[in-house]
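A.B. asks: So I've got this file, structure.cif, and it contains mmCIF, N, CA, C and O atoms:
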data_work
loop_
_atom_site.label_atom_id
_atom_site.label_comp_id
_atom_site.auth_asym_id
_atom_site.auth_seq_id
_atom_site.Cartn_x
_atom_site.Cartn_y
_atom_site.Cartn_z
N MET A 108 -67.91 6.36 123.74
CA MET A 108 -67.31 6.01 125.02
C MET A 108 -66.43 7.19 125.47
O MET A 108 -65.59 7.65 124.72
N THR A 109 -66.66 7.65 126.69
CA THR A 109 -65.90 8.79 127.21
C THR A 109 -64.49 8.35 127.62
O THR A 109 -64.20 7.15 127.73
N GLN A 110 -63.65 9.32 127.86
CA GLN A 110 -62.28 9.05 128.28
C GLN A 110 -62.27 8.30 129.62
O GLN A 110 -61.47 7.38 129.82
N ASP A 111 -63.15 8.68 130.52
CA ASP A 111 -63.23 8.00 131.82
C ASP A 111 -63.69 6.56 131.67
O ASP A 111 -63.20 5.68 132.38
N GLU A 112 -64.62 6.32 130.76
CA GLU A 112 -65.08 4.95 130.52
C GLU A 112 -63.96 4.09 129.91
O GLU A 112 -63.80 2.92 130.28
N LYS A 113 -63.17 4.68 129.01
CA LYS A 113 -62.03 3.96 128.42
C LYS A 113 -60.99 3.64 129.50
O LYS A 113 -60.43 2.55 129.53
N TRP A 114 -60.73 4.62 130.38
CA TRP A 114 -59.75 4.40 131.45
C TRP A 114 -60.21 3.27 132.36
O TRP A 114 -59.42 2.40 132.71
N LEU A 115 -61.47 3.28 132.73
CA LEU A 115 -62.01 2.26 133.61
C LEU A 115 -62.00 0.87 132.95
O LEU A 115 -61.69 -0.13 133.60
N ALA A 116 -62.27 0.82 131.66
CA ALA A 116 -62.22 -0.45 130.94
C ALA A 116 -60.80 -1.00 130.94
O ALA A 116 -60.58 -2.20 131.16
N LYS A 117 -59.81 -0.13 130.71
CA LYS A 117 -58.41 -0.57 130.71
C LYS A 117 -57.98 -0.98 132.11
O LYS A 117 -57.26 -1.96 132.29
N TYR A 118 -58.43 -0.23 133.11
CA TYR A 118 -58.13 -0.58 134.50
C TYR A 118 -58.64 -1.99 134.80
O TYR A 118 -57.92 -2.81 135.37
N ASN A 119 -59.87 -2.28 134.42
CA ASN A 119 -60.44 -3.61 134.67
C ASN A 119 -59.69 -4.70 133.91
O ASN A 119 -59.50 -5.80 134.41
N GLU A 120 -59.22 -4.38 132.71
CA GLU A 120 -58.44 -5.33 131.92
C GLU A 120 -57.11 -5.64 132.60
O GLU A 120 -56.70 -6.80 132.71
N VAL A 121 -56.42 -4.61 133.08
CA VAL A 121 -55.14 -4.80 133.77
C VAL A 121 -55.36 -5.55 135.08
O VAL A 121 -54.61 -6.47 135.42
N LYS A 122 -56.39 -5.18 135.81
CA LYS A 122 -56.70 -5.85 137.07
C LYS A 122 -56.98 -7.34 136.84
O LYS A 122 -56.49 -8.19 137.58
N ARG A 123 -57.74 -7.64 135.81
CA ARG A 123 -58.05 -9.03 135.48
C ARG A 123 -56.77 -9.80 135.12
O ARG A 123 -56.58 -10.94 135.53
N PHE A 124 -55.85 -9.14 134.38
CA PHE A 124 -54.57 -9.78 134.04
C PHE A 124 -53.79 -10.13 135.31
O PHE A 124 -53.28 -11.24 135.45
N ILE A 125 -53.71 -9.19 136.24
CA ILE A 125 -52.95 -9.40 137.47
C ILE A 125 -53.59 -10.51 138.31
O ILE A 125 -52.89 -11.38 138.84
N GLU A 126 -54.90 -10.51 138.42
CA GLU A 126 -55.59 -11.53 139.20
C GLU A 126 -55.44 -12.92 138.56
O GLU A 126 -55.27 -13.91 139.26
N THR A 127 -55.48 -12.99 137.25
CA THR A 127 -55.37 -14.27 136.54
C THR A 127 -53.96 -14.83 136.61
O THR A 127 -53.77 -16.03 136.83
N ASN A 128 -52.95 -13.96 136.44
CA ASN A 128 -51.56 -14.41 136.36
C ASN A 128 -50.81 -14.30 137.68
O ASN A 128 -49.66 -14.74 137.77
N HIS A 129 -51.41 -13.69 138.70
CA HIS A 129 -50.80 -13.53 140.03
C HIS A 129 -49.46 -12.81 139.96
O HIS A 129 -48.52 -13.14 140.68
N ARG A 130 -49.38 -11.85 139.06
CA ARG A 130 -48.17 -11.04 138.91
C ARG A 130 -48.50 -9.79 138.12
O ARG A 130 -49.52 -9.72 137.45
N ASN A 131 -47.61 -8.82 138.19
CA ASN A 131 -47.76 -7.62 137.39
C ASN A 131 -47.31 -7.90 135.96
O ASN A 131 -46.54 -8.83 135.72
N PRO A 132 -47.75 -7.10 134.99
CA PRO A 132 -47.32 -7.30 133.61
C PRO A 132 -45.81 -7.10 133.47
O PRO A 132 -45.20 -6.29 134.17
N SER A 133 -45.23 -7.85 132.55
CA SER A 133 -43.79 -7.80 132.34
C SER A 133 -43.42 -6.78 131.27
O SER A 133 -44.07 -6.70 130.22
N LYS A 134 -42.34 -6.04 131.51
CA LYS A 134 -41.85 -5.12 130.48
C LYS A 134 -41.02 -5.86 129.44
O LYS A 134 -40.68 -5.30 128.41
N HIS A 135 -40.71 -7.12 129.71
CA HIS A 135 -39.89 -7.91 128.80
C HIS A 135 -40.71 -8.71 127.79
O HIS A 135 -40.16 -9.23 126.83
N ASP A 136 -42.00 -8.83 128.00
CA ASP A 136 -42.89 -9.50 127.06
C ASP A 136 -43.56 -8.43 126.22
O ASP A 136 -44.34 -7.63 126.73
N PRO A 137 -43.26 -8.38 124.91
CA PRO A 137 -43.78 -7.30 124.08
C PRO A 137 -45.31 -7.16 124.11
O PRO A 137 -45.83 -6.05 124.14
N GLU A 138 -46.02 -8.27 124.13
CA GLU A 138 -47.48 -8.20 124.16
C GLU A 138 -47.98 -7.62 125.49
O GLU A 138 -48.84 -6.74 125.51
N GLU A 139 -47.43 -8.10 126.59
CA GLU A 139 -47.81 -7.59 127.92
C GLU A 139 -47.42 -6.13 128.06
O GLU A 139 -48.16 -5.33 128.64
N GLN A 140 -46.24 -5.79 127.55
CA GLN A 140 -45.78 -4.41 127.67
C GLN A 140 -46.72 -3.48 126.93
O GLN A 140 -47.12 -2.44 127.47
N TYR A 141 -47.11 -3.84 125.73
CA TYR A 141 -47.98 -2.99 124.94
C TYR A 141 -49.38 -2.90 125.54
O TYR A 141 -49.96 -1.82 125.62
N LYS A 142 -49.93 -4.03 125.97
CA LYS A 142 -51.31 -4.06 126.45
C LYS A 142 -51.47 -3.52 127.87
O LYS A 142 -52.46 -2.86 128.17
N TYR A 143 -50.52 -3.85 128.77
CA TYR A 143 -50.76 -3.58 130.19
C TYR A 143 -49.65 -2.78 130.88
O TYR A 143 -49.94 -1.87 131.64
N TYR A 144 -48.41 -3.16 130.67
CA TYR A 144 -47.29 -2.58 131.43
C TYR A 144 -47.20 -1.07 131.25
O TYR A 144 -47.07 -0.33 132.23
N ASN A 145 -47.25 -0.60 130.01
CA ASN A 145 -47.11 0.84 129.77
C ASN A 145 -48.25 1.63 130.41
O ASN A 145 -48.03 2.70 130.96
N TRP A 146 -49.47 1.09 130.34
CA TRP A 146 -50.62 1.77 130.96
C TRP A 146 -50.42 1.85 132.47
O TRP A 146 -50.63 2.89 133.08
N LEU A 147 -50.00 0.72 133.07
CA LEU A 147 -49.82 0.67 134.51
C LEU A 147 -48.69 1.60 134.95
O LEU A 147 -48.83 2.35 135.91
N LYS A 148 -47.59 1.61 134.21
CA LYS A 148 -46.46 2.48 134.54
C LYS A 148 -46.85 3.95 134.46
O LYS A 148 -46.55 4.74 135.36
N HIS A 149 -47.55 4.32 133.41
CA HIS A 149 -47.99 5.71 133.23
C HIS A 149 -48.90 6.14 134.38
O HIS A 149 -48.75 7.23 134.94
N ASN A 150 -49.83 5.29 134.75
CA ASN A 150 -50.77 5.65 135.81
C ASN A 150 -50.11 5.66 137.18
O ASN A 150 -50.49 6.45 138.04
N ARG A 151 -49.12 4.82 137.41
CA ARG A 151 -48.35 4.89 138.66
C ARG A 151 -47.62 6.22 138.75
O ARG A 151 -47.57 6.84 139.82
N GLN A 152 -47.05 6.66 137.62
CA GLN A 152 -46.34 7.94 137.61
C GLN A 152 -47.29 9.09 137.91
O GLN A 152 -46.95 10.01 138.67
N LEU A 153 -48.47 9.06 137.31
CA LEU A 153 -49.47 10.09 137.59
C LEU A 153 -49.87 10.08 139.06
O LEU A 153 -50.00 11.12 139.69
N LEU A 154 -50.07 8.89 139.61
CA LEU A 154 -50.46 8.75 141.01
C LEU A 154 -49.37 9.30 141.93
O LEU A 154 -49.65 10.08 142.83
N ASN A 155 -48.14 8.92 141.68
CA ASN A 155 -47.03 9.33 142.55
C ASN A 155 -46.72 10.83 142.45
O ASN A 155 -46.26 11.43 143.41
N SER A 156 -46.99 11.42 141.29
CA SER A 156 -46.71 12.85 141.12
C SER A 156 -47.89 13.72 141.56
O SER A 156 -47.78 14.94 141.59
N GLY A 157 -49.01 13.09 141.87
CA GLY A 157 -50.18 13.83 142.31
C GLY A 157 -50.99 14.43 141.18
O GLY A 157 -51.84 15.28 141.40
N GLU A 158 -50.73 14.00 139.94
CA GLU A 158 -51.41 14.57 138.78
C GLU A 158 -52.63 13.76 138.35
O GLU A 158 -53.34 14.18 137.44
N MET A 159 -52.88 12.63 138.98
CA MET A 159 -54.00 11.79 138.59
C MET A 159 -55.32 12.41 139.03
O MET A 159 -55.40 13.02 140.09
N LYS A 160 -56.34 12.22 138.19
CA LYS A 160 -57.68 12.70 138.54
C LYS A 160 -58.11 12.05 139.85
O LYS A 160 -57.89 10.87 140.07
N GLN A 161 -58.71 12.84 140.71
CA GLN A 161 -59.04 12.38 142.05
C GLN A 161 -59.94 11.15 142.05
O GLN A 161 -59.77 10.25 142.86
N GLU A 162 -60.89 11.08 141.13
CA GLU A 162 -61.79 9.93 141.11
C GLU A 162 -61.11 8.63 140.69
O GLU A 162 -61.60 7.55 140.96
N ARG A 163 -59.94 8.74 140.06
CA ARG A 163 -59.19 7.54 139.66
C ARG A 163 -58.23 7.05 140.75
O ARG A 163 -57.85 5.89 140.76
N VAL A 164 -57.84 7.95 141.63
CA VAL A 164 -56.88 7.61 142.68
C VAL A 164 -57.39 6.45 143.53
O VAL A 164 -56.64 5.52 143.84
N GLY A 165 -58.65 6.48 143.88
CA GLY A 165 -59.23 5.43 144.70
C GLY A 165 -59.13 4.05 144.07
O GLY A 165 -58.93 3.06 144.77
N TYR A 166 -59.24 3.99 142.76
CA TYR A 166 -59.14 2.70 142.08
C TYR A 166 -57.75 2.10 142.25
O TYR A 166 -57.60 0.94 142.63
N LEU A 167 -56.72 2.90 141.96
CA LEU A 167 -55.36 2.35 142.04
C LEU A 167 -54.92 2.12 143.48
O LEU A 167 -54.26 1.14 143.77
N LYS A 168 -55.28 3.02 144.38
CA LYS A 168 -54.91 2.81 145.78
C LYS A 168 -55.69 1.66 146.39
O LYS A 168 -55.19 0.97 147.26
N GLY A 169 -56.91 1.46 145.93
CA GLY A 169 -57.73 0.37 146.43
C GLY A 169 -57.25 -0.99 145.98
O GLY A 169 -57.51 -2.00 146.63
N TYR A 170 -56.53 -1.04 144.89
CA TYR A 170 -56.03 -2.31 144.38
C TYR A 170 -54.53 -2.35 144.60
O TYR A 170 -53.76 -1.86 143.81
N TYR A 171 -54.11 -2.93 145.72
CA TYR A 171 -52.73 -2.81 146.17
C TYR A 171 -51.70 -3.39 145.21
O TYR A 171 -50.57 -2.94 145.18
N LEU A 172 -52.04 -4.36 144.39
CA LEU A 172 -51.04 -4.92 143.48
C LEU A 172 -50.62 -3.90 142.44
O LEU A 172 -49.52 -4.00 141.91
N CYS A 173 -51.47 -2.95 142.14
CA CYS A 173 -51.11 -1.92 141.18
C CYS A 173 -50.18 -0.88 141.77
O CYS A 173 -49.49 -0.20 141.05
N VAL A 174 -50.18 -0.74 143.07
CA VAL A 174 -49.39 0.29 143.71
C VAL A 174 -48.05 -0.25 144.21
O VAL A 174 -47.02 0.37 144.07
N ARG A 175 -48.08 -1.44 144.79
CA ARG A 175 -46.87 -2.01 145.35
C ARG A 175 -46.29 -3.07 144.42
O ARG A 175 -47.01 -3.76 143.74
N SER A 176 -44.98 -3.21 144.43
CA SER A 176 -44.37 -4.27 143.64
C SER A 176 -44.54 -5.59 144.36
O SER A 176 -44.79 -5.65 145.56
N THR A 177 -44.40 -6.66 143.64
CA THR A 177 -44.54 -7.99 144.21
C THR A 177 -43.50 -8.21 145.30
O THR A 177 -43.81 -8.81 146.34
N LYS A 178 -42.30 -7.72 145.11
CA LYS A 178 -41.24 -7.90 146.12
C LYS A 178 -41.62 -7.22 147.43
O LYS A 178 -41.39 -7.75 148.51
N GLU A 179 -42.21 -6.04 147.35
CA GLU A 179 -42.64 -5.34 148.56
C GLU A 179 -43.71 -6.14 149.29
O GLU A 179 -43.69 -6.25 150.51
N LEU A 180 -44.65 -6.70 148.54
CA LEU A 180 -45.72 -7.48 149.16
C LEU A 180 -45.17 -8.72 149.85
O LEU A 180 -45.60 -9.07 150.94
N ILE A 181 -44.21 -9.39 149.21
CA ILE A 181 -43.61 -10.58 149.81
C ILE A 181 -42.89 -10.19 151.09
O ILE A 181 -43.01 -10.87 152.11
N SER A 182 -42.16 -9.08 151.06
CA SER A 182 -41.44 -8.61 152.24
C SER A 182 -42.40 -8.29 153.38
O SER A 182 -42.17 -8.67 154.53
N ILE A 183 -43.48 -7.59 153.07
CA ILE A 183 -44.47 -7.25 154.10
C ILE A 183 -45.10 -8.52 154.67
O ILE A 183 -45.26 -8.66 155.88
N ASN A 184 -45.43 -9.45 153.80
CA ASN A 184 -46.04 -10.71 154.23
C ASN A 184 -45.10 -11.48 155.16
O ASN A 184 -45.54 -12.01 156.18
N ARG A 185 -43.82 -11.54 154.84
CA ARG A 185 -42.85 -12.24 155.69
C ARG A 185 -42.74 -11.57 157.06
O ARG A 185 -42.66 -12.24 158.08
N ARG A 186 -42.70 -10.24 157.08
CA ARG A 186 -42.62 -9.53 158.36
C ARG A 186 -43.85 -9.78 159.21
O ARG A 186 -43.76 -9.96 160.42
N LEU A 187 -45.01 -9.79 158.58
CA LEU A 187 -46.24 -10.05 159.32
C LEU A 187 -46.24 -11.47 159.91
O LEU A 187 -46.62 -11.68 161.05
N LYS A 188 -45.80 -12.45 159.12
CA LYS A 188 -45.75 -13.82 159.60
C LYS A 188 -44.77 -13.94 160.77
O LYS A 188 -45.06 -14.64 161.75
N ALA A 189 -43.64 -13.28 160.66
CA ALA A 189 -42.64 -13.34 161.74
C ALA A 189 -43.19 -12.69 163.00
O ALA A 189 -42.96 -13.19 164.11
N THR A 190 -43.94 -11.61 162.86
CA THR A 190 -44.53 -10.94 164.01
C THR A 190 -45.56 -11.81 164.68
O THR A 190 -45.59 -11.94 165.91
N VAL A 191 -46.40 -12.47 163.88
CA VAL A 191 -47.43 -13.34 164.43
C VAL A 191 -46.80 -14.55 165.13
O VAL A 191 -47.25 -14.95 166.19
N LYS A 192 -45.73 -15.10 164.57
CA LYS A 192 -45.05 -16.24 165.20
C LYS A 192 -44.47 -15.85 166.55
O LYS A 192 -44.40 -16.66 167.45
N GLY A 193 -44.03 -14.61 166.69
CA GLY A 193 -43.42 -14.13 167.92
C GLY A 193 -44.37 -14.07 169.10
O GLY A 193 -43.94 -14.06 170.25
N PHE A 194 -45.66 -14.04 168.85
CA PHE A 194 -46.65 -13.94 169.93
C PHE A 194 -46.96 -15.25 170.53
O PHE A 194 -47.02 -16.26 170.28
#
Kindly transcribe the structure held in the file into structure tokens.
C.D. replies:
Amino acid sequence: MTQDEKWLAKYNEVKRFIETNHRNPSKHDPEEQYKYYNWLKHNRQLLNSGEMKQERVGYLKGYYLCVRSTKELISINRRLKATVKGF
């Protein structure tokens, strides 16, 4: 298994965790931190610093829960609802 295949497998595992639990992995749960949180944090840092391989950028940017925090999403959702109500 190549490094890219391993990365993609882990990406799918983290994505499945987020979709199943409707939240990002917790840094306070040792199992979640070891399996998912550290991988997600490391890849966010690579993405934000511009050091991530170009073919991987699309995966993380395409899956908004990996890029934005839950609080940001809630805030955006509330603003959108308020804007729609105003019309």
A.B. asks: May I ask for the distance between CA of Lys117 (chain A) and CA of Gln152 (chain A), given in Å to one decimal place?
C.D. replies: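 Computed distance, CA of Lys117 (chain A) to CA of Gln152 (chain A), equals 16.3 Å.
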A.B. asks: Box for region 125-139 of chain A: with edges along x, y and z, all listed atoms inside and 3 Å added on each side, what are the centre and edge lengths in Å to one decimal, as AutoDock Vina command-line options?
C.D. replies:
--center_x -47.7 --center_y -10.6 --center_z 132.4 --size_x 21.7 --size_y 16.9 --size_z 22.6
A.B. asks: In Å, how far is it from atom O of Glu139 (chain A) to atom O of Arg123 (chain A)?
C.D. replies: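 Taking atom O of Glu139 (chain A) and atom O of Arg123 (chain A), their separation equals 12.2 Å.
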A.B. asks: Can you list what the PyMOL selection byres (((chain A and resi 132 and name CA) around 12) and name CA) grabs from this structure, as a JSON list (two decimals) with N, CA, C and O atoms, in the frame of the given file?
C.D. replies:
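What follows is the written file expr-v3.json:
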[["chain", "number", "residue", "atom", "x", "y", "z"],
["A", 120, "GLU", "N", -59.22, -4.38, 132.71],
["A", 120, "GLU", "CA", -58.44, -5.33, 131.92],
["A", 120, "GLU", "C", -57.11, -5.64, 132.60],
["A", 120, "GLU", "O", -56.70, -6.80, 132.71],
["A", 121, "VAL", "N", -56.42, -4.61, 133.08],
["A", 121, "VAL", "CA", -55.14, -4.80, 133.77],
["A", 121, "VAL", "C", -55.36, -5.55, 135.08],
["A", 121, "VAL", "O", -54.61, -6.47, 135.42],
["A", 122, "LYS", "N", -56.39, -5.18, 135.81],
["A", 122, "LYS", "CA", -56.70, -5.85, 137.07],
["A", 122, "LYS", "C", -56.98, -7.34, 136.84],
["A", 122, "LYS", "O", -56.49, -8.19, 137.58],
["A", 123, "ARG", "N", -57.74, -7.64, 135.81],
["A", 123, "ARG", "CA", -58.05, -9.03, 135.48],
["A", 123, "ARG", "C", -56.77, -9.80, 135.12],
["A", 123, "ARG", "O", -56.58, -10.94, 135.53],
["A", 124, "PHE", "N", -55.85, -9.14, 134.38],
["A", 124, "PHE", "CA", -54.57, -9.78, 134.04],
["A", 124, "PHE", "C", -53.79, -10.13, 135.31],
["A", 124, "PHE", "O", -53.28, -11.24, 135.45],
["A", 125, "ILE", "N", -53.71, -9.19, 136.24],
["A", 125, "ILE", "CA", -52.95, -9.40, 137.47],
["A", 125, "ILE", "C", -53.59, -10.51, 138.31],
["A", 125, "ILE", "O", -52.89, -11.38, 138.84],
["A", 126, "GLU", "N", -54.90, -10.51, 138.42],
["A", 126, "GLU", "CA", -55.59, -11.53, 139.20],
["A", 126, "GLU", "C", -55.44, -12.92, 138.56],
["A", 126, "GLU", "O", -55.27, -13.91, 139.26],
["A", 127, "THR", "N", -55.48, -12.99, 137.25],
["A", 127, "THR", "CA", -55.37, -14.27, 136.54],
["A", 127, "THR", "C", -53.96, -14.83, 136.61],
["A", 127, "THR", "O", -53.77, -16.03, 136.83],
["A", 128, "ASN", "N", -52.95, -13.96, 136.44],
["A", 128, "ASN", "CA", -51.56, -14.41, 136.36],
["A", 128, "ASN", "C", -50.81, -14.30, 137.68],
["A", 128, "ASN", "O", -49.66, -14.74, 137.77],
["A", 129, "HIS", "N", -51.41, -13.69, 138.70],
["A", 129, "HIS", "CA", -50.80, -13.53, 140.03],
["A", 129, "HIS", "C", -49.46, -12.81, 139.96],
["A", 129, "HIS", "O", -48.52, -13.14, 140.68],
["A", 130, "ARG", "N", -49.38, -11.85, 139.06],
["A", 130, "ARG", "CA", -48.17, -11.04, 138.91],
["A", 130, "ARG", "C", -48.50, -9.79, 138.12],
["A", 130, "ARG", "O", -49.52, -9.72, 137.45],
["A", 131, "ASN", "N", -47.61, -8.82, 138.19],
["A", 131, "ASN", "CA", -47.76, -7.62, 137.39],
["A", 131, "ASN", "C", -47.31, -7.90, 135.96],
["A", 131, "ASN", "O", -46.54, -8.83, 135.72],
["A", 133, "SER", "N", -45.23, -7.85, 132.55],
["A", 133, "SER", "CA", -43.79, -7.80, 132.34],
["A", 133, "SER", "C", -43.42, -6.78, 131.27],
["A", 133, "SER", "O", -44.07, -6.70, 130.22],
["A", 134, "LYS", "N", -42.34, -6.04, 131.51],
["A", 134, "LYS", "CA", -41.85, -5.12, 130.48],
["A", 134, "LYS", "C", -41.02, -5.86, 129.44],
["A", 134, "LYS", "O", -40.68, -5.30, 128.41],
["A", 135, "HIS", "N", -40.71, -7.12, 129.71],
["A", 135, "HIS", "CA", -39.89, -7.91, 128.80],
["A", 135, "HIS", "C", -40.71, -8.71, 127.79],
["A", 135, "HIS", "O", -40.16, -9.23, 126.83],
["A", 136, "ASP", "N", -42.00, -8.83, 128.00],
["A", 136, "ASP", "CA", -42.89, -9.50, 127.06],
["A", 136, "ASP", "C", -43.56, -8.43, 126.22],
["A", 136, "ASP", "O", -44.34, -7.63, 126.73],
["A", 137, "PRO", "N", -43.26, -8.38, 124.91],
["A", 137, "PRO", "CA", -43.78, -7.30, 124.08],
["A", 137, "PRO", "C", -45.31, -7.16, 124.11],
["A", 137, "PRO", "O", -45.83, -6.05, 124.14],
["A", 138, "GLU", "N", -46.02, -8.27, 124.13],
["A", 138, "GLU", "CA", -47.48, -8.20, 124.16],
["A", 138, "GLU", "C", -47.98, -7.62, 125.49],
["A", 138, "GLU", "O", -48.84, -6.74, 125.51],
["A", 139, "GLU", "N", -47.43, -8.10, 126.59],
["A", 139, "GLU", "CA", -47.81, -7.59, 127.92],
["A", 139, "GLU", "C", -47.42, -6.13, 128.06],
["A", 139, "GLU", "O", -48.16, -5.33, 128.64],
["A", 140, "GLN", "N", -46.24, -5.79, 127.55],
["A", 140, "GLN", "CA", -45.78, -4.41, 127.67],
["A", 140, "GLN", "C", -46.72, -3.48, 126.93],
["A", 140, "GLN", "O", -47.12, -2.44, 127.47],
["A", 141, "TYR", "N", -47.11, -3.84, 125.73],
["A", 141, "TYR", "CA", -47.98, -2.99, 124.94],
["A", 141, "TYR", "C", -49.38, -2.90, 125.54],
["A", 141, "TYR", "O", -49.96, -1.82, 125.62],
["A", 142, "LYS", "N", -49.93, -4.03, 125.97],
["A", 142, "LYS", "CA", -51.31, -4.06, 126.45],
["A", 142, "LYS", "C", -51.47, -3.52, 127.87],
["A", 142, "LYS", "O", -52.46, -2.86, 128.17],
["A", 143, "TYR", "N", -50.52, -3.85, 128.77],
["A", 143, "TYR", "CA", -50.76, -3.58, 130.19],
["A", 143, "TYR", "C", -49.65, -2.78, 130.88],
["A", 143, "TYR", "O", -49.94, -1.87, 131.64],
["A", 144, "TYR", "N", -48.41, -3.16, 130.67],
["A", 144, "TYR", "CA", -47.29, -2.58, 131.43],
["A", 144, "TYR", "C", -47.20, -1.07, 131.25],
["A", 144, "TYR", "O", -47.07, -0.33, 132.23],
["A", 145, "ASN", "N", -47.25, -0.60, 130.01],
["A", 145, "ASN", "CA", -47.11, 0.84, 129.77],
["A", 145, "ASN", "C", -48.25, 1.63, 130.41],
["A", 145, "ASN", "O", -48.03, 2.70, 130.96],
["A", 146, "TRP", "N", -49.47, 1.09, 130.34],
["A", 146, "TRP", "CA", -50.62, 1.77, 130.96],
["A", 146, "TRP", "C", -50.42, 1.85, 132.47],
["A", 146, "TRP", "O", -50.63, 2.89, 133.08],
["A", 147, "LEU", "N", -50.00, 0.72, 133.07],
["A", 147, "LEU", "CA", -49.82, 0.67, 134.51],
["A", 147, "LEU", "C", -48.69, 1.60, 134.95],
["A", 147, "LEU", "O", -48.83, 2.35, 135.91],
["A", 148, "LYS", "N", -47.59, 1.61, 134.21],
["A", 148, "LYS", "CA", -46.46, 2.48, 134.54],
["A", 148, "LYS", "C", -46.85, 3.95, 134.46],
["A", 148, "LYS", "O", -46.55, 4.74, 135.36],
["A", 172, "LEU", "N", -52.04, -4.36, 144.39],
["A", 172, "LEU", "CA", -51.04, -4.92, 143.48],
["A", 172, "LEU", "C", -50.62, -3.90, 142.44],
["A", 172, "LEU", "O", -49.52, -4.00, 141.91],
["A", 173, "CYS", "N", -51.47, -2.95, 142.14],
["A", 173, "CYS", "CA", -51.11, -1.92, 141.18],
["A", 173, "CYS", "C", -50.18, -0.88, 141.77],
["A", 173, "CYS", "O", -49.49, -0.20, 141.05],
["A", 176, "SER", "N", -44.98, -3.21, 144.43],
["A", 176, "SER", "CA", -44.37, -4.27, 143.64],
["A", 176, "SER", "C", -44.54, -5.59, 144.36],
["A", 176, "SER", "O", -44.79, -5.65, 145.56],
["A", 177, "THR", "N", -44.40, -6.66, 143.64],
["A", 177, "THR", "CA", -44.54, -7.99, 144.21],
["A", 177, "THR", "C", -43.50, -8.21, 145.30],
["A", 177, "THR", "O", -43.81, -8.81, 146.34]]
A.B. asks: Please compute the CA of Met108 (chain A)-CA of Ser156 (chain A) distance, one decimal, in Å.
C.D. replies: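 Atom-to-atom, CA of Met108 (chain A) to CA of Ser156 (chain A), that is 27.0 Å.
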